[in-house]
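S.K.: See model.cif below, with mmCIF, C-alpha atoms.
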data_model
#
loop_
_atom_site.label_atom_id
_atom_site.label_comp_id
_atom_site.auth_asym_id
_atom_site.auth_seq_id
_atom_site.Cartn_x
_atom_site.Cartn_y
_atom_site.Cartn_z
CA MET I 8 57.13 9.46 49.40
CA LYS I 9 57.30 11.52 46.27
CA LYS I 10 53.85 12.96 46.97
CA ARG I 11 54.92 14.00 50.50
CA GLY I 12 57.97 15.87 49.12
CA ILE I 13 55.82 17.83 46.71
CA ILE I 14 53.40 18.74 49.51
CA ALA I 15 56.29 19.90 51.72
CA ILE I 16 57.68 22.12 48.99
CA MET I 17 54.28 23.64 48.29
CA PHE I 18 53.84 24.30 52.02
CA LEU I 19 57.15 26.13 52.21
CA ILE I 20 56.24 28.26 49.21
CA PHE I 21 52.91 29.10 50.80
CA VAL I 22 54.58 30.11 54.06
CA PHE I 23 57.10 32.31 52.19
CA VAL I 24 54.32 34.07 50.23
CA ILE I 25 52.32 34.70 53.39
CA LEU I 26 55.35 36.11 55.23
CA PHE I 27 56.33 38.34 52.29
CA PHE I 28 52.78 39.65 51.94
CA PHE I 29 52.30 40.47 55.60
CA THR I 30 55.80 41.97 55.97
CA ASN I 31 55.21 44.49 53.17
CA ILE I 32 51.59 45.17 54.07
CA PHE I 33 52.48 46.14 57.61
CA LYS I 34 55.86 47.92 56.89
CA SER I 35 55.81 51.53 58.08
CA CYS I 36 57.99 54.49 58.93
CA PRO I 37 59.16 55.12 62.50
CA ASP I 38 57.20 57.57 64.65
CA SER I 39 59.85 60.26 64.11
CA CYS I 40 62.84 60.78 61.83
CA ASP I 41 63.95 63.99 63.55
CA ASP I 42 67.77 64.03 63.87
CA PHE I 43 67.62 67.33 65.78
CA ASN I 44 69.65 69.05 63.05
CA GLU I 45 68.06 72.25 61.76
CA CYS I 46 70.05 71.96 58.55
CA THR I 47 68.56 68.66 57.39
CA GLU I 48 65.14 67.83 55.95
CA ASP I 49 63.94 64.62 57.66
CA PHE I 50 61.43 62.34 55.95
CA CYS I 51 60.37 58.75 55.41
CA SER I 52 58.08 57.19 52.78
CA GLU I 53 57.47 54.19 50.62
CA GLU I 54 59.98 55.70 48.17
CA THR I 55 62.65 55.50 50.88
CA ASP I 56 61.66 51.93 51.66
CA PHE I 57 60.19 53.22 54.91
CA LYS I 58 63.65 54.29 56.14
CA CYS I 59 64.50 57.75 57.55
CA VAL I 60 66.35 60.05 55.20
CA HIS I 61 68.11 63.24 56.31
CA LYS I 62 68.63 65.52 53.33
CA PRO I 63 70.97 68.51 53.85
CA ILE I 64 69.33 71.92 53.44
CA ASP I 65 71.37 74.22 51.23
CA ASN I 66 72.39 77.64 52.57
CA CYS I 67 71.52 76.80 56.14
CA CYS I 68 73.24 78.74 58.91
CA GLY I 69 74.62 76.14 61.29
CA ASN I 70 75.83 73.52 58.83
CA GLY I 71 79.47 74.44 59.38
CA GLU I 72 79.98 75.90 55.90
CA CYS I 73 80.09 79.56 54.96
CA GLU I 74 78.05 79.55 51.77
CA LEU I 75 77.39 81.67 48.73
CA SER I 76 74.54 80.71 46.40
CA GLY I 77 73.03 83.14 43.92
CA ASP I 78 71.89 86.24 45.76
CA TYR I 79 72.20 84.52 49.13
CA LYS I 80 75.47 85.09 50.97
CA GLU I 81 76.39 84.08 54.48
CA THR I 82 78.77 86.39 56.35
CA TYR I 83 80.19 86.68 59.83
CA GLU I 84 77.54 89.30 60.57
CA ASN I 85 74.52 87.17 59.61
CA CYS I 86 75.95 83.73 60.43
CA PRO I 87 78.90 83.75 62.85
CA ASP I 88 78.45 80.01 63.47
CA ASP I 89 79.60 79.19 59.94
CA CYS I 90 81.65 82.20 58.81
CA SER I 91 84.98 83.53 60.11
CA ASN I 92 85.50 87.09 61.22
CA CYS I 93 87.84 88.38 58.50
CA ASP I 94 88.38 91.81 60.05
CA ASP I 95 92.10 91.99 60.94
CA SER I 96 91.67 95.45 62.54
CA ASN I 97 94.05 96.90 59.97
CA LYS I 98 92.71 99.90 58.07
CA CYS I 99 95.28 99.26 55.35
CA THR I 100 93.79 95.94 54.25
CA GLU I 101 90.61 95.11 52.36
CA ASP I 102 89.04 92.19 54.24
CA SER I 103 86.83 89.60 52.55
CA TYR I 104 85.94 85.92 52.62
CA ASP I 105 86.83 83.75 49.62
CA TYR I 106 83.92 81.30 49.27
CA HIS I 107 85.90 79.16 46.83
CA LEU I 108 89.08 78.87 48.89
CA LYS I 109 87.07 78.80 52.13
CA LYS I 110 89.32 81.30 53.89
CA CYS I 111 89.72 84.98 54.74
CA ILE I 112 91.58 87.25 52.32
CA ASN I 113 93.22 90.42 53.68
CA LYS I 114 94.41 92.34 50.65
CA ASP I 115 96.80 95.27 51.08
CA ILE I 116 95.42 98.69 50.19
CA ILE I 117 98.13 100.59 48.32
CA PRO I 118 98.86 103.32 49.04
CA CYS I 119 97.64 103.52 52.62
CA CYS I 120 98.95 105.97 55.19
CA GLY I 121 99.64 103.96 58.34
CA ASN I 122 101.08 100.73 56.93
CA GLN I 123 104.66 101.67 57.92
CA ARG I 124 105.78 101.79 54.29
CA CYS I 125 106.55 105.06 52.56
CA GLU I 126 104.97 104.41 49.17
CA ALA I 127 105.48 106.21 45.89
CA GLU I 128 102.34 108.31 46.30
CA GLU I 129 103.27 109.37 49.87
CA ASN I 130 105.82 111.82 51.25
CA HIS I 131 106.86 113.42 54.53
CA THR I 132 104.17 116.09 54.20
CA SER I 133 101.23 113.90 53.17
CA CYS I 134 101.98 110.93 55.47
CA GLU I 135 104.54 111.64 58.16
CA ILE I 136 103.70 108.44 60.07
CA ASP I 137 105.02 106.32 57.17
CA CYS I 138 107.55 108.83 55.85
CA PRO I 139 109.08 110.25 59.05
CA LEU I 140 112.31 111.59 57.54
CA GLY I 141 112.20 115.17 56.40
CA GLY I 142 115.40 114.79 54.41
CA TYR I 143 118.13 112.14 54.20
CA ILE I 144 121.20 110.67 55.91
CA LYS I 145 124.36 109.94 53.96
CA ILE I 146 126.95 107.43 55.17
CA GLU I 147 130.29 107.05 53.44
CA THR I 148 132.50 104.13 54.35
CA SER I 149 135.79 102.59 53.34
CA TYR I 150 138.90 101.01 54.80
CA ILE I 151 142.41 102.34 55.51
CA TYR I 152 145.56 100.26 55.74
CA ASN I 153 148.60 102.27 56.76
CA PRO I 154 150.89 100.58 59.35
CA LYS I 155 153.18 103.61 59.42
CA LYS I 156 150.38 105.89 60.50
CA PHE I 157 148.16 103.61 62.62
CA SER I 158 149.21 101.44 65.54
CA GLY I 159 148.10 97.84 66.16
CA THR I 160 146.95 96.15 62.99
CA GLY I 161 147.61 99.30 60.99
CA ALA I 162 144.05 98.97 59.66
CA ARG I 163 141.11 101.27 60.32
CA TYR I 164 137.44 101.46 59.42
CA PHE I 165 136.42 104.83 58.12
CA TYR I 166 132.90 106.30 58.26
CA THR I 167 131.46 109.74 57.70
CA ILE I 168 127.86 110.44 58.61
CA LYS I 169 125.95 113.43 57.27
CA ASN I 170 122.60 114.03 58.95
CA CYS I 171 120.55 116.10 56.51
CA LEU I 172 117.27 115.67 58.38
CA ASP I 173 115.50 118.48 60.21
CA LYS I 174 116.21 116.87 63.63
CA ASP I 175 119.10 115.10 65.37
CA ILE I 176 119.47 111.32 65.17
CA THR I 177 120.87 108.88 67.72
CA ILE I 178 122.87 105.90 66.49
CA LEU I 179 121.76 102.61 68.04
CA GLU I 180 123.85 100.34 65.86
CA LEU I 181 126.07 100.64 62.82
CA THR I 182 127.53 97.43 61.42
CA ASN I 183 129.42 96.94 58.18
CA TYR I 184 129.79 93.70 56.22
CA ASP I 185 132.90 93.27 54.08
CA ASN I 186 132.76 90.59 51.38
CA GLY I 187 129.92 88.92 53.26
CA LYS I 188 131.72 88.93 56.63
CA VAL I 189 130.43 90.84 59.66
CA GLY I 190 132.74 93.76 60.32
CA LYS I 191 132.87 96.41 63.01
CA ARG I 192 129.77 97.17 65.09
CA ILE I 193 129.47 100.47 66.94
CA THR I 194 129.22 99.78 70.68
CA LYS I 195 130.28 101.54 73.86
CA GLU I 196 133.72 99.96 73.57
CA TRP I 197 134.01 101.10 69.98
CA LEU I 198 133.23 104.66 71.01
CA GLU I 199 135.88 104.67 73.74
CA SER I 200 138.50 105.51 71.13
CA PHE I 201 136.79 108.83 70.37
CA PRO I 202 137.56 112.23 71.93
CA GLU I 203 136.80 112.98 75.58
CA GLY I 204 133.12 112.82 76.45
CA TYR I 205 132.04 109.99 74.14
CA GLU I 206 133.24 107.18 76.42
CA GLU I 207 130.25 107.69 78.72
CA TYR I 208 127.70 106.80 76.08
CA GLU I 209 126.80 103.58 74.36
CA PHE I 210 124.96 105.49 71.66
CA ILE I 211 125.90 108.76 70.04
CA THR I 212 123.77 111.66 68.81
CA ILE I 213 124.51 113.03 65.36
CA SER I 214 123.36 116.61 65.02
CA LYS I 215 121.42 117.85 62.01
CA ASP I 216 124.25 120.36 61.61
CA THR I 217 126.45 117.54 60.28
CA CYS I 218 124.80 117.85 56.87
CA THR I 219 127.60 120.26 55.98
CA GLU I 220 130.18 119.22 58.61
CA ALA I 221 130.17 115.41 58.50
CA HIS I 222 130.84 113.40 61.65
CA THR I 223 133.80 111.06 61.11
CA PHE I 224 134.51 107.75 62.84
CA ILE I 225 137.84 105.95 62.56
CA ALA I 226 138.37 102.76 64.60
CA GLU I 227 140.73 99.82 64.48
CA ALA I 228 140.00 96.94 62.12
CA GLN I 229 141.31 93.41 62.59
CA GLU I 230 141.28 92.22 59.00
CA GLN I 231 144.09 93.47 56.78
CA LYS I 232 143.36 94.53 53.22
CA ASN I 233 146.04 95.69 50.84
CA PRO I 234 145.74 99.27 49.55
CA ASN I 235 144.12 99.88 46.17
CA THR I 236 142.18 96.61 46.27
CA GLN I 237 138.45 96.52 45.74
CA TYR I 238 135.96 94.78 48.01
CA LYS I 239 132.21 94.59 48.46
CA THR I 240 130.60 96.14 51.50
CA LYS I 241 127.15 96.85 52.91
CA ILE I 242 125.88 98.34 56.17
CA TYR I 243 123.15 97.85 58.73
CA PHE I 244 122.16 101.12 60.40
CA LYS I 245 119.73 101.38 63.30
CA PHE I 246 118.89 104.77 64.76
CA LYS I 247 116.33 106.82 66.67
CA TYR I 248 114.62 109.84 65.14
CA GLU I 249 111.83 111.74 66.90
CA ASN I 250 111.06 108.77 69.22
CA LYS I 251 110.89 106.32 66.30
CA THR I 252 113.31 103.40 65.97
CA ILE I 253 114.32 103.01 62.35
CA GLU I 254 116.58 100.55 60.54
CA PHE I 255 118.28 100.59 57.17
CA ILE I 256 119.77 97.54 55.45
CA SER I 257 121.78 98.45 52.39
CA GLU I 258 122.54 96.65 49.19
CA GLU I 259 126.15 95.66 48.55
CA LYS I 260 128.39 98.32 47.05
CA GLN I 261 131.99 98.39 45.95
CA ALA I 262 134.72 100.25 47.81
CA THR I 263 138.50 100.52 47.51
CA THR I 264 141.04 100.26 50.33
CA ASP I 265 143.33 103.23 50.73
CA ASP I 266 146.48 104.14 52.65
CA ASP I 267 145.17 107.47 53.92
CA GLU I 268 141.93 108.91 55.31
CA LEU I 269 141.54 111.41 52.50
CA PHE I 270 139.56 109.29 50.09
CA ALA I 271 138.57 110.04 46.56
CA GLU I 272 134.81 109.74 46.20
CA SER I 273 135.29 106.77 43.87
CA ASP I 274 137.00 104.85 46.72
CA LEU I 275 133.98 105.11 49.02
CA ALA I 276 130.81 103.12 49.32
CA ILE I 277 128.15 105.81 49.70
CA PHE I 278 124.74 104.98 51.17
CA THR I 279 121.83 107.44 51.13
CA ILE I 280 119.08 106.76 53.68
CA ASP I 281 115.65 108.29 53.11
CA ASN I 282 111.97 107.41 53.41
CA SER I 283 112.13 105.03 50.44
CA ASN I 284 114.49 102.48 51.99
CA ILE I 285 113.92 102.49 55.77
CA LYS I 286 111.88 100.24 58.02
CA ILE I 287 110.14 101.58 61.13
CA ILE I 288 110.41 99.00 63.93
#
Can the structure from this file be put into structure tokens for me?
M.R.:
Amino acid sequence: MKKRGIIAIMFLIFVFVILFFFTNIFKSCPDSCDDFNECTEDFCSEETDFKCVHKPIDNCCGNGECELSGDYKETYENCPDDCSNCDDSNKCTEDSYDYHLKKCINKDIIPCCGNQRCEAEENHTSCEIDCPLGGYIKIETSYIYNPKKFSGTGARYFYTIKNCLDKDITILELTNYDNGKVGKRITKEWLESFPEGYEEYEFITISKDTCTEAHTFIAEAQEQKNPNTQYKTKIYFKFKYENKTIEFISEEKQATTDDDELFAESDLAIFTIDNSNIKII
């Protein structure tokens, strides 16, 4: 019985050795390892244990990655499959691809005539498209409270507009903000309180001649402010000039309420609008 067990074990070892020998002797690579990907190197060998290996090929157009390696650089022009078109059709940006961040970079060129910003190196003569104003507009504003003189609330908004440009302007909107609150906005209804002729127009043209003879608006205000009190105000001004729509958003300034319309200059908030602080829209 013991002898039979030893023989059985030896037989199993023999079978295992034979199988191992023939399995390795006849192991081979498949007929083809081609994965139909131009950006991989396909091979099989004894070193790979007779298995197919697909090694990525560096700097290969078609691998989905826009690459930069040494002197080799993929771009949209030579490899549109991998690289984005970074041209934003804006002559005022320098367009490039950042190979580290893997994205387009469109860097502003400053100064650049045509970017709708009047920059320090530009002026009305050198770049009229960005600096359309050949002069300035001055708006003075404050608030009157005089119940004896004015009906209703006894309160009035007071504006003077001086157009010192070389052409007329047309007001599209003028809104003031007092202590952070939205105040009076010029509309057709607002203009109905003006002399005969204005009530037909929603917008009003301010002649360039008003640089010396300011145009004055006085209209009823709802909020009551006591005379000789200070408050903060700012304005939003939207106007047309030579077929361009332009807006101005001011910083806050301090003004003083008065009981008459003949203000001292120190009572007024004075805003000067020129090429440096407008936005063409």
S.K.: May I ask which of the residues I:Cys138, I:Ser273, I:Ile176, I:Leu75 is the closest one to Glu126 (chain I), counting all atoms listed in the file?
M.R.: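 Result for the nearest residue to Glu126 (chain I): I:Cys138.
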S.K.: Any chance you could work out the axis-aligned box around region 45-63 of chain I, listed atoms only, 4 Å on each side, giving centre and edge lengths in Å to one decimal, as JSON?
M.R.:
{"center_x": 64.2, "center_y": 62.1, "center_z": 55.0, "size_x": 21.5, "size_y": 28.3, "size_z": 21.6}
S.K.: Which is closest to Lys174 (chain I) among I:Glu249, I:Glu220, I:Asp274, I:Glu268, if we use only C-alpha atoms?
M.R.: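 The closest residue to Lys174 (chain I) is I:Glu249.
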S.K.: Hey, what comes out of the PyMOL selection byres ((chain I and resi 186) around 12) on this file? Could you write it as number ranges by chain?
M.R.: I: 183-185, 187-190, 230, 232, 237-242, 259-262
S.K.: Under the rule that all atoms listed in the file are counted, which of I:Lys169, I:Lys215, I:Cys36, I:Asn97 is the nearest residue to Glu147 (chain I)?
M.R.: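 Among the listed residues, I:Lys169 lies closest to Glu147 (chain I).
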S.K.: Hey, which of I:Ala226, I:Ile277, I:Ile288, I:Ala127 ends up closest to Lys251 (chain I)? Count only C-alpha atoms.
M.R.: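 Of all the options, I:Ile288 lies closest to Lys251 (chain I).
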S.K.: Would you list the contacts of Thr212 (chain I) as a list of chain:residue names, taking every protein, DNA or RNA residue within 9 Å and counting all atoms listed in the file, but skipping same-chain residues closer than 2 positions in sequence?
M.R.: I:Asp175, I:Ile176, I:Thr177, I:Ile178, I:Phe210, I:Ser214
S.K.: Can you spit out the residues from that selection as an mmCIF file, keeping the file's coordinate frame, using C-alpha atoms?
M.R.:
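Result written to result29.cif:
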data_model
loop_
_atom_site.group_PDB
_atom_site.id
_atom_site.type_symbol
_atom_site.label_atom_id
_atom_site.label_comp_id
_atom_site.auth_asym_id
_atom_site.auth_seq_id
_atom_site.Cartn_x
_atom_site.Cartn_y
_atom_site.Cartn_z
ATOM 1 C CA ASP I 175 119.100 115.100 65.370
ATOM 2 C CA ILE I 176 119.470 111.320 65.170
ATOM 3 C CA THR I 177 120.870 108.880 67.720
ATOM 4 C CA ILE I 178 122.870 105.900 66.490
ATOM 5 C CA PHE I 210 124.960 105.490 71.660
ATOM 6 C CA SER I 214 123.360 116.610 65.020
#
S.K.: Take CA of Thr100 (chain I) and CA of Gln123 (chain I) and report the distance between them in Å, one decimal.
M.R.: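 Interatomic distance, CA of Thr100 (chain I) to CA of Gln123 (chain I): 12.8 Å.
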S.K.: Which residue is closest to Asn282 (chain I)? Choose from I:Lys114, I:Lys34, I:His61, I:Arg124 and count only C-alpha atoms.
M.R.: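 When distances to Asn282 (chain I) are compared using only C-alpha atoms, the smallest one comes from I:Arg124.
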S.K.: To test your reading of the syntax: which residues would the PyMOL selection byres ((chain I and resi 280) around 12) return for the file shown? Reply as a ChimeraX atom specification.
M.R.: /I:138-147,168-172,242-246,253-258,277-279,281-286
S.K.: With all atoms listed in the file as the atoms that count, which of I:Glu74, I:Asp88, I:Asp65, I:Asp42 lies nearest to Tyr104 (chain I)?
M.R.: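 Nearest candidate to Tyr104 (chain I) out of I:Glu74, I:Asp88, I:Asp65, I:Asp42: I:Glu74.
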S.K.: For the file shown, report as a PyMOL selection string the outcome of the PyMOL selection byres ((chain I and resi 106) around 10) at residue level.
M.R.: chain I and resi 72-76+80-81+90+103-105+107-111
S.K.: Measure the distance from CA of Phe270 (chain I) to CA of Phe157 (chain I) in Å and round it to one decimal.
M.R.: 16.2 Å
S.K.: May I have the protein, DNA and RNA residues with an atom at most 12 Å from (142.9, 101.0, 48.9), counting only C-alpha atoms in the file's coordinates, returned as a PyMOL selection string?
M.R.: chain I and resi 149-153+162-165+231-238+261-271+273-275
S.K.: Take CA of Pro63 (chain I) and CA of Asn44 (chain I) and report the distance between them in Å, one decimal.
M.R.: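 Separation between CA of Pro63 (chain I) and CA of Asn44 (chain I): 9.3 Å.
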S.K.: With a distance cut-off of 10 Å and all atoms listed in the file, select the neighbouring residues of Asp115 (chain I), excluding the residue or stretch itself and same-chain residues fewer than 4 positions from it, and output the selection as a PyMOL selection string.
M.R.: chain I and resi 97-102+119+122
S.K.: My structure is short of atoms at region 52-77 of chain I; please model N, CA and C atoms there, returning them as a short mmCIF file (atom, residue, chain, number, x, y, z; two decimals), keeping the file's coordinate frame.
M.R.:
data_model
loop_
_atom_site.label_atom_id
_atom_site.label_comp_id
_atom_site.auth_asym_id
_atom_site.auth_seq_id
_atom_site.Cartn_x
_atom_site.Cartn_y
_atom_site.Cartn_z
N SER I 52 59.22 57.52 53.62
CA SER I 52 58.08 57.19 52.78
C SER I 52 58.32 55.83 52.13
N GLU I 53 57.32 55.45 51.35
CA GLU I 53 57.47 54.19 50.62
C GLU I 53 58.65 54.28 49.66
N GLU I 54 58.87 55.51 49.10
CA GLU I 54 59.98 55.70 48.17
C GLU I 54 61.34 55.49 48.85
N THR I 55 61.40 55.72 50.15
CA THR I 55 62.65 55.50 50.88
C THR I 55 62.71 54.12 51.51
N ASP I 56 61.77 53.28 51.09
CA ASP I 56 61.66 51.93 51.66
C ASP I 56 61.39 52.01 53.16
N PHE I 57 60.61 53.02 53.53
CA PHE I 57 60.19 53.22 54.91
C PHE I 57 61.37 53.44 55.87
N LYS I 58 62.48 53.96 55.30
CA LYS I 58 63.65 54.29 56.14
C LYS I 58 63.76 55.81 56.24
N CYS I 59 64.30 56.30 57.37
CA CYS I 59 64.50 57.75 57.55
C CYS I 59 65.61 58.25 56.65
N VAL I 60 65.36 59.38 56.03
CA VAL I 60 66.35 60.05 55.20
C VAL I 60 66.53 61.47 55.73
N HIS I 61 67.80 61.90 55.78
CA HIS I 61 68.11 63.24 56.31
C HIS I 61 68.83 64.02 55.20
N LYS I 62 68.09 64.80 54.48
CA LYS I 62 68.63 65.52 53.33
C LYS I 62 69.14 66.90 53.75
N PRO I 63 70.42 67.20 53.47
CA PRO I 63 70.97 68.51 53.85
C PRO I 63 70.20 69.66 53.19
N ILE I 64 69.99 70.72 53.95
CA ILE I 64 69.33 71.92 53.44
C ILE I 64 70.40 72.90 53.01
N ASP I 65 70.38 73.28 51.74
CA ASP I 65 71.37 74.22 51.23
C ASP I 65 71.21 75.58 51.91
N ASN I 66 72.38 76.28 52.04
CA ASN I 66 72.39 77.64 52.57
C ASN I 66 71.70 77.72 53.94
N CYS I 67 72.11 76.83 54.80
CA CYS I 67 71.52 76.80 56.14
C CYS I 67 72.57 77.21 57.15
N CYS I 68 72.31 78.28 57.89
CA CYS I 68 73.24 78.74 58.91
C CYS I 68 73.27 77.71 60.04
N GLY I 69 74.47 77.16 60.26
CA GLY I 69 74.62 76.14 61.29
C GLY I 69 75.14 74.83 60.75
N ASN I 70 75.34 74.77 59.42
CA ASN I 70 75.83 73.52 58.83
C ASN I 70 77.35 73.45 58.75
N GLY I 71 78.01 74.46 59.32
CA GLY I 71 79.47 74.44 59.38
C GLY I 71 80.16 74.92 58.12
N GLU I 72 79.40 75.45 57.15
CA GLU I 72 79.98 75.90 55.90
C GLU I 72 79.49 77.30 55.57
N CYS I 73 80.44 78.20 55.34
CA CYS I 73 80.09 79.56 54.96
C CYS I 73 79.78 79.56 53.46
N GLU I 74 78.53 79.83 53.12
CA GLU I 74 78.05 79.55 51.77
C GLU I 74 77.68 80.81 50.98
N LEU I 75 77.82 80.65 49.68
CA LEU I 75 77.39 81.67 48.73
C LEU I 75 76.62 80.96 47.62
N SER I 76 75.36 81.35 47.43
CA SER I 76 74.54 80.71 46.40
C SER I 76 73.60 81.75 45.81
N GLY I 77 73.86 82.12 44.57
CA GLY I 77 73.03 83.14 43.92
C GLY I 77 73.11 84.46 44.67
#
